[in-house]
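Following: one structure in structure tokens, then a few remarks.
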Amino acid sequence: MIMDPAVMAYYERGGELTRLRQGRGRLEYWRTRDVLRRALPPAPARVLDVGGGTGVHAEWLAAGGYDVELIDPVPLHVEEAAKLPGVRARLGDARALPVPDGQAGAVLLLGPLYHLPERADRVRALAEARRAARPGGLVAAAFISRYACLHDSIRLGTFAREESRAADHRSLDTGVIVSSREGGFRGYGHLPEEILAEFADAGLPEPRLHGLEGAFWLYGDLDDWLDDDGRRELLLDAARRLEREPSLLGVSGHLLALSTA
């Protein structure tokens with residue numbers, strides 16, 4: 001199992017324990033759960049949560065009666081996920097899954113493709129997901145939008161700094177994300193058309209692309225909407241109505257692609 005030491009160090013700091021459970025990250029969490037609930041086979045289907053982090057999605061899947069196994073390359077993540085009721089967790093690499101062929105009702109890649117800058121590795125991870133899924137099973141993969149870094153820099157006000165602009169321009173040109181902050185995020189940002197081509201090369205039918213957050217993740221008052229139960233449901237409904245609009249896909253911070261093995 002090979003992982004960029006800088007990426008490993010980033011995740012070993014424990015940020016995934018809270019990223020999707022608190023603050024603005026809740027929009028990504030609720031929208032991912034919303035799309036998956038409409039696409040997953042009925043429980044108790046077997047779900048492989050590949051790159052599942054500390055188990056934020058494995059937790060609700062197991063609570064809903066699914067047979068959940070989480071596979072992640074970060075020891076801290078596996079340790080935390082294994083504490084969750086009904087979740088089995090072990091170390092593993094999305095490019096070489098330690099599972100037999102064709103036994104999972106769904107394979108989720110909700111993080112691995114963020115950190116594979118080489119296209120061949122991303123296609124290999126998708127092909128592994130196809131191999132592990134039963135015929136007709138769900139393959140779902142999450143992607144960072146190519147435009148997310150620049151949008152986020154404007155939101156945070158860091159785009160005024162030369163080093164931040166240079167990093168954002170590089171990510172726009174190449175897809176490779178290297179934060180200008182010491183110890184910051186490293187990853188890869190996709191164009192929507194890239195996703196379609198990578199699924200095709202992995203032997204998967206053309207996926208259905210969903211914009212998870214729309215433009216709403218950029219709003220300054222997002223936390224106020226998420227903190228209020230009634231307003232949150234209105235916001236989630238608005239995002240759901242716009243999730244498949246091709247002209248808006250790139251504005252989302254994250255995209256979710258669904259296909260069948």
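In the structure tokens, chains take the letters A, B, ... in the order shown, each chain's residues start at 1, and ligands count up from 1 in the order shown.
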Inset, instruction - Give the strand (DSSP E) residues of range 56-231 of chain A, as assigned by DSSP on the backbone, as a PyMOL selection string. - result: chain A and resi 67-72+87-91+104-109+133-145+176-178+186-190+208-211
Inset, instruction - For Leu110 in chain A, list every protein, DNA or RNA residue within 12 Å, evaluated using only C-alpha atoms, and leave out those in the same chain fewer than 4 positions away; present the list as an MDAnalysis selection string. - result: chainID A and resid 28:29 32:33 36 48:58 70:72 94 114:115 125:126 129 139:144 254:258
Generate a file of the selected residues that holds N, CA, C and O atoms, formatted as a short mmCIF file (atom, residue, chain, number, x, y, z; two decimals), in the first residue's frame.
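Here's the written file selection.cif:
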```cif
data_model
loop_
_atom_site.label_atom_id
_atom_site.label_comp_id
_atom_site.auth_asym_id
_atom_site.auth_seq_id
_atom_site.Cartn_x
_atom_site.Cartn_y
_atom_site.Cartn_z
N GLU A 28 -22.06 18.70 2.52
CA GLU A 28 -21.53 17.59 1.73
C GLU A 28 -22.03 16.25 2.28
O GLU A 28 -22.42 15.35 1.52
N TYR A 29 -22.00 16.11 3.60
CA TYR A 29 -22.44 14.87 4.23
C TYR A 29 -23.91 14.58 3.93
O TYR A 29 -24.25 13.47 3.47
N THR A 32 -24.51 13.83 0.18
CA THR A 32 -24.01 12.51 -0.20
C THR A 32 -24.97 11.43 0.26
O THR A 32 -25.33 10.51 -0.49
N ARG A 33 -25.40 11.53 1.50
CA ARG A 33 -26.34 10.55 2.05
C ARG A 33 -27.66 10.56 1.28
O ARG A 33 -28.24 9.49 0.99
N LEU A 36 -27.11 8.82 -2.16
CA LEU A 36 -26.88 7.38 -2.00
C LEU A 36 -28.15 6.64 -1.57
O LEU A 36 -28.41 5.52 -2.05
N LEU A 48 -19.20 -2.00 0.50
CA LEU A 48 -17.79 -1.72 0.73
C LEU A 48 -17.60 -0.21 0.71
O LEU A 48 -17.86 0.45 -0.31
N ASP A 49 -17.15 0.34 1.83
CA ASP A 49 -16.92 1.78 1.95
C ASP A 49 -15.41 1.99 1.83
O ASP A 49 -14.68 1.93 2.82
N VAL A 50 -14.95 2.20 0.60
CA VAL A 50 -13.51 2.25 0.31
C VAL A 50 -13.01 3.68 0.48
O VAL A 50 -13.55 4.62 -0.13
N GLY A 51 -12.00 3.84 1.31
CA GLY A 51 -11.54 5.19 1.64
C GLY A 51 -12.56 5.90 2.51
O GLY A 51 -12.71 7.11 2.44
N GLY A 52 -13.24 5.13 3.36
CA GLY A 52 -14.35 5.65 4.15
C GLY A 52 -13.97 6.48 5.35
O GLY A 52 -14.84 6.84 6.14
N GLY A 53 -12.70 6.77 5.53
CA GLY A 53 -12.28 7.65 6.61
C GLY A 53 -12.63 7.09 7.98
O GLY A 53 -12.46 5.89 8.25
N THR A 54 -13.13 7.94 8.83
CA THR A 54 -13.45 7.54 10.20
C THR A 54 -14.84 6.92 10.32
O THR A 54 -15.30 6.65 11.42
N GLY A 55 -15.52 6.74 9.17
CA GLY A 55 -16.79 6.01 9.18
C GLY A 55 -18.03 6.86 9.23
O GLY A 55 -19.10 6.37 9.61
N VAL A 56 -17.94 8.11 8.79
CA VAL A 56 -19.11 8.98 8.87
C VAL A 56 -20.28 8.45 8.06
O VAL A 56 -21.44 8.55 8.47
N HIS A 57 -20.01 7.84 6.90
CA HIS A 57 -21.09 7.24 6.12
C HIS A 57 -21.32 5.78 6.51
O HIS A 57 -22.47 5.31 6.51
N ALA A 58 -20.28 5.07 6.86
CA ALA A 58 -20.45 3.69 7.33
C ALA A 58 -21.38 3.63 8.52
O ALA A 58 -22.15 2.68 8.68
N LEU A 70 -15.52 -1.22 5.93
CA LEU A 70 -14.77 -0.02 5.56
C LEU A 70 -13.32 -0.39 5.33
O LEU A 70 -12.71 -1.13 6.11
N ILE A 71 -12.75 0.12 4.24
CA ILE A 71 -11.36 -0.11 3.88
C ILE A 71 -10.70 1.25 3.67
O ILE A 71 -11.20 2.07 2.90
N ASP A 72 -9.60 1.49 4.38
CA ASP A 72 -8.96 2.81 4.32
C ASP A 72 -7.45 2.64 4.53
O ASP A 72 -7.04 1.73 5.28
N ALA A 94 -7.40 1.33 -2.40
CA ALA A 94 -8.47 1.30 -3.41
C ALA A 94 -8.02 0.67 -4.71
O ALA A 94 -8.84 0.16 -5.48
N TYR A 114 -9.77 11.46 -4.73
CA TYR A 114 -9.24 12.79 -4.43
C TYR A 114 -7.71 12.78 -4.41
O TYR A 114 -7.09 13.83 -4.60
N HIS A 115 -7.13 11.61 -4.11
CA HIS A 115 -5.71 11.56 -3.78
C HIS A 115 -4.91 10.68 -4.72
O HIS A 115 -3.83 10.19 -4.35
N ALA A 125 -8.50 2.10 -9.64
CA ALA A 125 -9.37 2.07 -8.47
C ALA A 125 -10.83 1.85 -8.89
O ALA A 125 -11.57 1.08 -8.25
N LEU A 126 -11.26 2.50 -9.95
CA LEU A 126 -12.62 2.30 -10.44
C LEU A 126 -12.82 0.87 -10.95
O LEU A 126 -13.87 0.26 -10.72
N ALA A 129 -13.29 -1.39 -8.05
CA ALA A 129 -14.65 -1.28 -7.53
C ALA A 129 -15.61 -2.10 -8.38
O ALA A 129 -16.49 -2.80 -7.85
N VAL A 139 -21.76 1.22 -8.18
CA VAL A 139 -20.44 1.80 -7.97
C VAL A 139 -20.64 3.31 -7.88
O VAL A 139 -21.16 3.94 -8.82
N ALA A 140 -20.27 3.88 -6.74
CA ALA A 140 -20.44 5.31 -6.51
C ALA A 140 -19.09 5.92 -6.15
O ALA A 140 -18.38 5.41 -5.28
N ALA A 141 -18.71 6.99 -6.83
CA ALA A 141 -17.41 7.61 -6.59
C ALA A 141 -17.58 9.13 -6.46
O ALA A 141 -18.32 9.75 -7.23
N ALA A 142 -16.87 9.69 -5.49
CA ALA A 142 -16.90 11.13 -5.26
C ALA A 142 -15.65 11.76 -5.84
O ALA A 142 -14.56 11.16 -5.86
N PHE A 143 -15.80 13.00 -6.31
CA PHE A 143 -14.72 13.75 -6.94
C PHE A 143 -14.74 15.19 -6.44
O PHE A 143 -15.81 15.75 -6.18
N ILE A 144 -13.56 15.79 -6.34
CA ILE A 144 -13.45 17.22 -6.09
C ILE A 144 -13.56 17.93 -7.44
O ILE A 144 -12.96 17.52 -8.43
N HIS A 254 -18.02 19.26 -4.72
CA HIS A 254 -17.83 17.84 -4.95
C HIS A 254 -18.89 17.31 -5.91
O HIS A 254 -20.03 17.80 -5.92
N LEU A 255 -18.52 16.31 -6.69
CA LEU A 255 -19.41 15.62 -7.59
C LEU A 255 -19.51 14.16 -7.15
O LEU A 255 -18.53 13.58 -6.67
N LEU A 256 -20.68 13.56 -7.33
CA LEU A 256 -20.86 12.15 -7.04
C LEU A 256 -21.33 11.47 -8.32
O LEU A 256 -22.33 11.90 -8.92
N ALA A 257 -20.62 10.45 -8.73
CA ALA A 257 -20.93 9.71 -9.96
C ALA A 257 -21.42 8.32 -9.61
O ALA A 257 -20.78 7.61 -8.82
N LEU A 258 -22.53 7.90 -10.20
CA LEU A 258 -23.13 6.60 -9.94
C LEU A 258 -23.19 5.78 -11.22
O LEU A 258 -23.63 6.27 -12.27
#
```
Legend entry - DSSP-assigned helix (DSSP H, G or I) members of range 26-253 of chain A, reported as an MDAnalysis selection string: chainID A and resid 26:39 56:63 75:81 112:115 119:132 148:156 158:160 162:174 192:201 216:218 222:227 229:242 246:251
Inset, instruction - Using only C-alpha atoms, find the one residue out of A:Arg232, A:Arg119, A:Asp173, A:Ala215 that sits nearest to Ala197 in chain A. - result: A:Arg119
Fewer than 5 positions away in the same chain doesn't count, so skip those; otherwise give me all residues within 10 Å of Gly203 in chain A, counting only C-alpha atoms, as a compact mmCIF listing (two decimals) with N, CA and C atoms, in the first residue's frame.
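Final file, selection_34.txt:
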```
# COMPACT_ATOMS: atom_id res chain seq x y z
N VAL A 123 -8.23 5.10 -12.72
CA VAL A 123 -8.94 4.09 -13.51
C VAL A 123 -8.81 2.72 -12.85
N LEU A 126 -11.26 2.50 -9.95
CA LEU A 126 -12.62 2.30 -10.44
C LEU A 126 -12.82 0.87 -10.95
N ALA A 127 -11.81 0.33 -11.64
CA ALA A 127 -11.90 -1.04 -12.13
C ALA A 127 -11.95 -2.04 -10.97
N ARG A 130 -15.45 -2.04 -9.69
CA ARG A 130 -16.30 -2.85 -10.59
C ARG A 130 -16.10 -4.34 -10.33
N ARG A 131 -14.85 -4.74 -10.12
CA ARG A 131 -14.57 -6.15 -9.85
C ARG A 131 -15.22 -6.63 -8.56
N GLU A 198 -12.98 8.38 -17.41
CA GLU A 198 -12.34 7.44 -16.50
C GLU A 198 -13.25 6.26 -16.18
N THR A 260 -23.19 1.24 -12.64
CA THR A 260 -23.45 -0.15 -12.26
C THR A 260 -22.35 -1.05 -12.79
N ALA A 261 -22.02 -2.06 -12.01
CA ALA A 261 -20.96 -2.99 -12.41
C ALA A 261 -21.45 -3.93 -13.50
```
Inset, instruction - Fewer than 2 positions away in the same chain doesn't count, so skip those; otherwise give me all residues within 12 Å of Arg165 in chain A, counting only C-alpha atoms, as a PyMOL selection string. - result: chain A and resi 149-154+157-163+167-172+178-180
Inset, instruction - Would you mind listing what lies within 8 Å of Pro192 in chain A as number ranges by chain, with only C-alpha atoms counted and same-chain residues fewer than 4 positions away left out? - result: A: 145, 196, 209, 249-250
Could you save those same residues with N, CA, C and O atoms as an mmCIF file, in the first residue's frame?
```
data_model
loop_
_atom_site.group_PDB
_atom_site.id
_atom_site.type_symbol
_atom_site.label_atom_id
_atom_site.label_comp_id
_atom_site.auth_asym_id
_atom_site.auth_seq_id
_atom_site.Cartn_x
_atom_site.Cartn_y
_atom_site.Cartn_z
ATOM 1 N N SER A 145 -14.323 18.999 -7.492
ATOM 2 C CA SER A 145 -14.444 19.782 -8.722
ATOM 3 C C SER A 145 -13.135 20.498 -9.033
ATOM 4 O O SER A 145 -12.444 20.993 -8.128
ATOM 5 N N LEU A 196 -16.413 11.020 -16.804
ATOM 6 C CA LEU A 196 -17.055 10.125 -17.763
ATOM 7 C C LEU A 196 -16.019 9.243 -18.460
ATOM 8 O O LEU A 196 -16.221 8.037 -18.625
ATOM 9 N N LEU A 209 -23.987 11.889 -13.164
ATOM 10 C CA LEU A 209 -23.241 12.863 -12.364
ATOM 11 C C LEU A 209 -24.194 13.717 -11.536
ATOM 12 O O LEU A 209 -25.214 14.203 -12.038
ATOM 13 N N LEU A 249 -22.777 21.725 -12.768
ATOM 14 C CA LEU A 249 -21.992 20.681 -12.129
ATOM 15 C C LEU A 249 -20.661 21.204 -11.586
ATOM 16 O O LEU A 249 -20.267 20.893 -10.461
ATOM 17 N N GLY A 250 -19.958 21.992 -12.368
ATOM 18 C CA GLY A 250 -18.625 22.422 -11.960
ATOM 19 C C GLY A 250 -18.598 23.345 -10.771
ATOM 20 O O GLY A 250 -17.566 23.458 -10.105
#
```
Legend entry - Two-atom distance - CA of Leu40 in chain A, CA of Asp67 in chain A (Å): 12.4 Å
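Of the listed residues (A:Glu233, A:Glu80, A:Glu245, A:Glu182), A:Glu245 comes nearest to Gly211 in chain A; the distances count only C-alpha atoms.
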Legend entry - Selection near Gly214 in chain A, 7 Å with only C-alpha atoms, sequence-local residues under 5 positions removed, as a count of residues only: 5
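Closest approach to Met3 in chain A from the set A:Gly102, A:Pro112, A:Gly23, A:Gly86 is made by A:Pro112, with distances taken over only C-alpha atoms.
With only C-alpha atoms as the basis for measurement, A:Ile177 is the residue among A:Ala148, A:Ile177, A:Ala166, A:Ala63 that approaches Val7 in chain A most closely.
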Legend entry - Selected residue, from A:Tyr66, A:Arg37, A:Val47, A:Arg24, that lies nearest to Asp221 in chain A when counting only C-alpha atoms: A:Arg24
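Comparing A:Ala133, A:Phe199, A:Pro41, A:Arg231 by their smallest distance to Gly65 in chain A, the closest is A:Pro41 (using only C-alpha atoms).
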